[in-house]
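Below is one structure, written out as structure tokens; the observations come after it.
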Amino acid sequence: MEKFLNIPVFNLIMNGTSVTPVGSADLTDTGDVFANVSVGDIVHQSTDNEYFLVASKIDNNNLTLTALDGGTAPIVSGKAFFIHSGTVSNSQLVSGSGVLLVEQASTSTVTITYEGAAAADVITLTHTPVASGSEAVRDLIEESIVKGYSSSWTDVSHDVSTLPNKVIGISIG
Amino acid sequence: MQKFLSIPVTGEQNQIVSCNDIKLIEVGDGASPVANPTTTTTIYYGGGKKVTLTHAAVASGSEDMRDAIQNGVVQVLKQQWTEVILQMGSLPKAVSGIAIA
């Protein structure tokens, strides 16, 4: 009996590398790359693995940010960043079958380890951070797996909400 | 209970692909970082096996093919056990090849 978690993944809008922030900006880039960015979108500064929300858009090259996890703002030059929508998501199925363990691997990742020895038998969900010591997203995933298996066999896909945390990426292996 | 998608492949009629023990379906060809995201979709199975569909290009950033495969998997798994195959006749893009690794 196969069961899947249907997880909303918030869409990637753009990615880039920061330049020296201008004026009151917390994140600056060039080429009007922030044209499609909106207040409330999620900024993942991946070089140091820090998360922010867009607080305001000064213009299409400059943003102000609110740190979600104590991250350092302004973001200095040379940091890789990814901006995800805070509102628009597309759902992706993740298996709830053959799960051995769900773990809050860090404040911003949950791993699902499946039976099977291959390195590929691990799925990682990357999400906006929980508080240090919290396992909130892990608990939501665990609860969803249990709900899935306690429902009819014809209910194959189960919608999962990890709110207030938002999943921004799913990878395997 | 085995279930399959029956996928039309250009020049090869239809080929069936397993819907059992799927862990994830993702755009791209399974390389890390993701490669060929507009022309390939990969189905990952337990044990590290993966099946990659090569297809006509979707728009950049589109997940239409992945979503169509996901929807097919869910549909066939909720069918009664005697309905082993789901015909995938209306995929967003034509599939030109299926490979396993």
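Order determines the names: the first chain of the structure tokens is A, the second B, and so forth; residues in each chain are numbered 1 upward, and ligands are numbered 1 upward as they are shown.
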query: Neighbours of range 3-9 of chain B within 10 Å (only C-alpha atoms; same-chain residues fewer than 4 positions away dropped), as a ChimeraX atom specification?
result: /B:13-20,53-55,69,72-73,75-79,81-91,94-98
The selected residues should be written to file as a compact mmCIF listing (two decimals), in the first residue's frame (atoms: C-alpha atoms).
# COMPACT_ATOMS: atom_id res chain seq x y z
CA GLN B 13 4.83 2.29 -28.88
CA ASN B 14 4.06 2.17 -25.14
CA GLN B 15 6.39 1.19 -22.31
CA ILE B 16 5.26 0.48 -18.76
CA VAL B 17 6.99 2.05 -15.77
CA SER B 18 6.53 0.81 -12.21
CA CYS B 19 4.62 2.87 -9.67
CA ASN B 20 5.70 0.76 -6.72
CA LEU B 53 12.15 9.96 -18.99
CA THR B 54 13.54 12.08 -21.81
CA HIS B 55 10.92 14.31 -23.37
CA ILE B 69 3.64 11.78 -13.70
CA GLY B 72 -0.68 9.42 -12.89
CA VAL B 73 0.99 7.60 -10.01
CA GLN B 75 -4.45 7.78 -9.99
CA VAL B 76 -3.23 4.27 -10.73
CA LEU B 77 -2.54 3.48 -7.09
CA LYS B 78 -6.10 4.29 -6.10
CA GLN B 79 -7.57 2.07 -8.83
CA TRP B 81 -6.11 -4.08 -7.91
CA THR B 82 -7.23 -5.59 -11.20
CA GLU B 83 -6.52 -2.28 -13.00
CA VAL B 84 -2.80 -2.67 -13.15
CA ILE B 85 -2.00 -0.09 -15.81
CA LEU B 86 -2.88 3.56 -16.32
CA GLN B 87 -2.55 4.81 -19.89
CA MET B 88 -0.68 8.12 -19.94
CA GLY B 89 -2.07 9.32 -23.22
CA SER B 90 -2.15 13.02 -22.48
CA LEU B 91 1.27 13.93 -21.17
CA ALA B 94 6.09 13.65 -25.92
CA VAL B 95 8.47 11.16 -24.35
CA SER B 96 11.33 10.07 -26.60
CA GLY B 97 13.13 7.67 -24.30
CA ILE B 98 13.04 5.83 -20.97
message: Could you work out which residues of chain B fall inside 7 Å of chain A? Count only C-alpha atoms, and format the result as an MDAnalysis selection string.
response: chainID B and resid 22:24 46:48 70 74 77:78
Restricted to N, CA and C atoms, what would the selected residues look like written as a short mmCIF file (atom, residue, chain, number, x, y, z; two decimals), in the first residue's frame?
data_model
loop_
_atom_site.label_atom_id
_atom_site.label_comp_id
_atom_site.auth_asym_id
_atom_site.auth_seq_id
_atom_site.Cartn_x
_atom_site.Cartn_y
_atom_site.Cartn_z
N ILE B 22 8.08 4.07 -5.27
CA ILE B 22 8.60 5.38 -5.68
C ILE B 22 8.82 6.24 -4.43
N LYS B 23 9.97 6.87 -4.36
CA LYS B 23 10.27 7.76 -3.25
C LYS B 23 10.08 9.22 -3.62
N LEU B 24 10.40 9.57 -4.86
CA LEU B 24 10.34 10.97 -5.27
C LEU B 24 10.32 11.04 -6.79
N GLY B 46 13.07 3.17 -4.16
CA GLY B 46 13.86 2.69 -3.06
C GLY B 46 15.01 1.83 -3.56
N GLY B 47 16.10 1.83 -2.80
CA GLY B 47 17.26 1.05 -3.21
C GLY B 47 18.17 1.76 -4.17
N GLY B 48 17.84 3.00 -4.51
CA GLY B 48 18.72 3.80 -5.35
C GLY B 48 18.46 3.70 -6.84
N GLN B 70 3.29 12.56 -11.43
CA GLN B 70 2.78 12.44 -10.05
C GLN B 70 1.28 12.12 -10.06
N VAL B 74 -0.60 8.68 -8.55
CA VAL B 74 -1.68 8.69 -7.55
C VAL B 74 -2.93 8.03 -8.11
N LEU B 77 -2.61 4.15 -8.40
CA LEU B 77 -2.54 3.48 -7.09
C LEU B 77 -3.89 3.43 -6.38
N LYS B 78 -4.79 4.32 -6.75
CA LYS B 78 -6.10 4.29 -6.10
C LYS B 78 -7.12 3.47 -6.90
#
query: DSSP on the backbone: what in chain B comes out helix (DSSP H, G or I), as a PyMOL selection string?
result: chain B and resi 46-48+64-77
Limited to N, CA and C atoms, could you put the picked residues into a file as a compact mmCIF listing (two decimals), in the first residue's frame?
# COMPACT_ATOMS: atom_id res chain seq x y z
N GLY B 46 13.07 3.17 -4.16
CA GLY B 46 13.86 2.69 -3.06
C GLY B 46 15.01 1.83 -3.56
N GLY B 47 16.10 1.83 -2.80
CA GLY B 47 17.26 1.05 -3.21
C GLY B 47 18.17 1.76 -4.17
N GLY B 48 17.84 3.00 -4.51
CA GLY B 48 18.72 3.80 -5.35
C GLY B 48 18.46 3.70 -6.84
N ASP B 64 5.57 20.78 -15.27
CA ASP B 64 4.38 20.16 -15.83
C ASP B 64 4.52 18.65 -16.01
N MET B 65 5.68 18.23 -16.51
CA MET B 65 5.86 16.78 -16.73
C MET B 65 5.93 16.05 -15.39
N ARG B 66 6.65 16.62 -14.44
CA ARG B 66 6.71 15.99 -13.12
C ARG B 66 5.32 15.87 -12.53
N ASP B 67 4.54 16.95 -12.63
CA ASP B 67 3.20 16.94 -12.05
C ASP B 67 2.30 15.91 -12.74
N ALA B 68 2.45 15.79 -14.05
CA ALA B 68 1.63 14.81 -14.78
C ALA B 68 1.96 13.39 -14.35
N ILE B 69 3.25 13.12 -14.16
CA ILE B 69 3.64 11.78 -13.70
C ILE B 69 3.14 11.55 -12.27
N GLN B 70 3.29 12.56 -11.43
CA GLN B 70 2.78 12.44 -10.05
C GLN B 70 1.28 12.12 -10.06
N ASN B 71 0.53 12.87 -10.86
CA ASN B 71 -0.91 12.65 -10.91
C ASN B 71 -1.24 11.24 -11.40
N GLY B 72 -0.46 10.77 -12.37
CA GLY B 72 -0.68 9.42 -12.89
C GLY B 72 -0.42 8.36 -11.83
N VAL B 73 0.64 8.57 -11.07
CA VAL B 73 0.99 7.60 -10.01
C VAL B 73 -0.13 7.52 -8.98
N VAL B 74 -0.60 8.68 -8.55
CA VAL B 74 -1.68 8.69 -7.55
C VAL B 74 -2.93 8.03 -8.11
N GLN B 75 -3.24 8.33 -9.37
CA GLN B 75 -4.45 7.78 -9.99
C GLN B 75 -4.40 6.26 -10.07
N VAL B 76 -3.27 5.72 -10.54
CA VAL B 76 -3.23 4.27 -10.73
C VAL B 76 -3.20 3.54 -9.39
N LEU B 77 -2.61 4.15 -8.40
CA LEU B 77 -2.54 3.48 -7.09
C LEU B 77 -3.89 3.43 -6.38
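Closest approach to Thr111 in chain A among A:Gly169, A:Gly70, A:Gly86, A:Gly148 is made by A:Gly169 (distances from only C-alpha atoms).
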task: May I ask for the distance between CA of Thr39 in chain B and CA of Glu12 in chain B, given in Å to one decimal place?
output: 18.2 Å
message: Can you measure CA of Phe82 in chain A to CA of Val137 in chain A for me? One decimal in Å is fine.
response: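 Taking CA of Phe82 in chain A and CA of Val137 in chain A, their separation equals 21.1 Å.
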- prompt: Hey, what does DSSP flag as strand (DSSP E) within chain B? Can you give it to me as an MDAnalysis selection string?
  reply: chainID B and resid 4:8 14:18 22:27 40:45 50:55 85:87 95:100
At a cut-off of 9 Å, using only C-alpha atoms, what residues contact range 43-58 of chain A? Leave out same-chain residues fewer than 6 positions from it and give the result as a PDB file with C-alpha atoms, in the first residue's frame.
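Once written, part-v2.pdb looks like this:
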ATOM      1  CA  SER A  24      19.918  51.252   3.720  1.00  0.00           C
ATOM      2  CA  ALA A  25      19.606  48.060   1.665  1.00  0.00           C
ATOM      3  CA  PHE A  34      14.485  41.780  -8.006  1.00  0.00           C
ATOM      4  CA  VAL A  37      10.363  39.842  -5.812  1.00  0.00           C
ATOM      5  CA  THR A  64      15.552  45.344   3.088  1.00  0.00           C
ATOM      6  CA  LEU A  65      15.292  42.115   5.048  1.00  0.00           C
ATOM      7  CA  THR A  66      14.074  40.690   8.343  1.00  0.00           C
ATOM      8  CA  ALA A  67      16.186  37.862   9.715  1.00  0.00           C
ATOM      9  CA  LEU A  68      14.371  34.619  10.545  1.00  0.00           C
ATOM     10  CA  ASP A  69      17.197  32.912  12.388  1.00  0.00           C
ATOM     11  CA  GLY A  70      19.504  35.574  13.658  1.00  0.00           C
ATOM     12  CA  GLY A  71      21.184  35.952  10.309  1.00  0.00           C
ATOM     13  CA  THR A  72      23.489  38.856   9.586  1.00  0.00           C
ATOM     14  CA  ALA A  73      22.057  41.799   7.673  1.00  0.00           C
ATOM     15  CA  ILE A  75      24.343  40.696   3.472  1.00  0.00           C
ATOM     16  CA  GLY A  78      29.923  37.662  -2.454  1.00  0.00           C
ATOM     17  CA  LYS A  79      27.182  35.667  -0.740  1.00  0.00           C
ATOM     18  CA  ALA A  80      25.076  33.259  -2.794  1.00  0.00           C
ATOM     19  CA  PHE A  81      21.359  33.703  -2.284  1.00  0.00           C
ATOM     20  CA  PHE A  82      18.078  32.213  -3.451  1.00  0.00           C
ATOM     21  CA  ILE A  83      14.724  33.986  -3.277  1.00  0.00           C
ATOM     22  CA  HIS A  84      11.548  31.927  -3.024  1.00  0.00           C
ATOM     23  CA  SER A  85       7.977  33.092  -3.200  1.00  0.00           C
ATOM     24  CA  GLY A  86       6.309  33.516   0.163  1.00  0.00           C
ATOM     25  CA  SER A 108      16.188  24.180   8.427  1.00  0.00           C
ATOM     26  CA  THR A 128      12.472  28.079   6.711  1.00  0.00           C
ATOM     27  CA  PRO A 129      14.082  27.643  10.113  1.00  0.00           C
TER      28      PRO A 129
END
Polymer residues at most 12 Å from Ser106 in chain A, only C-alpha atoms, same-chain spacing of 2 or more positions, as a PDB file with C-alpha atoms, in the first residue's frame:
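For reference, around_24.pdb as written:
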ATOM      1  CA  ASN A  49      22.782  29.107   5.516  1.00  0.00           C
ATOM      2  CA  GLU A 103      14.695  13.436  11.747  1.00  0.00           C
ATOM      3  CA  GLN A 104      15.000  17.180  12.311  1.00  0.00           C
ATOM      4  CA  SER A 108      16.188  24.180   8.427  1.00  0.00           C
ATOM      5  CA  THR A 109      16.227  20.560   7.248  1.00  0.00           C
ATOM      6  CA  VAL A 110      14.252  17.404   7.892  1.00  0.00           C
ATOM      7  CA  THR A 111      15.487  14.072   6.569  1.00  0.00           C
ATOM      8  CA  THR A 124      15.876  16.029   2.590  1.00  0.00           C
ATOM      9  CA  LEU A 125      13.288  18.748   3.003  1.00  0.00           C
ATOM     10  CA  THR A 126      14.758  22.236   3.266  1.00  0.00           C
ATOM     11  CA  HIS A 127      12.500  24.713   5.014  1.00  0.00           C
ATOM     12  CA  THR A 128      12.472  28.079   6.711  1.00  0.00           C
ATOM     13  CA  PRO A 129      14.082  27.643  10.113  1.00  0.00           C
ATOM     14  CA  VAL A 130      12.493  26.444  13.309  1.00  0.00           C
ATOM     15  CA  ALA A 131      13.763  27.693  16.645  1.00  0.00           C
ATOM     16  CA  SER A 132      16.871  26.050  17.991  1.00  0.00           C
ATOM     17  CA  GLY A 133      15.903  22.760  19.630  1.00  0.00           C
ATOM     18  CA  SER A 134      12.491  22.662  18.007  1.00  0.00           C
ATOM     19  CA  GLU A 135      11.467  19.625  16.004  1.00  0.00           C
ATOM     20  CA  ALA A 136       8.226  21.128  14.776  1.00  0.00           C
ATOM     21  CA  VAL A 137       8.556  20.266  11.097  1.00  0.00           C
ATOM     22  CA  ARG A 138       9.711  16.725  11.865  1.00  0.00           C
TER      23      ARG A 138
END
- line: Across A:Ser161, A:Asn60, A:Thr28, A:Ser77, the smallest distance to Ser89 in chain A, with only C-alpha atoms counted, is shown by A:Ser161
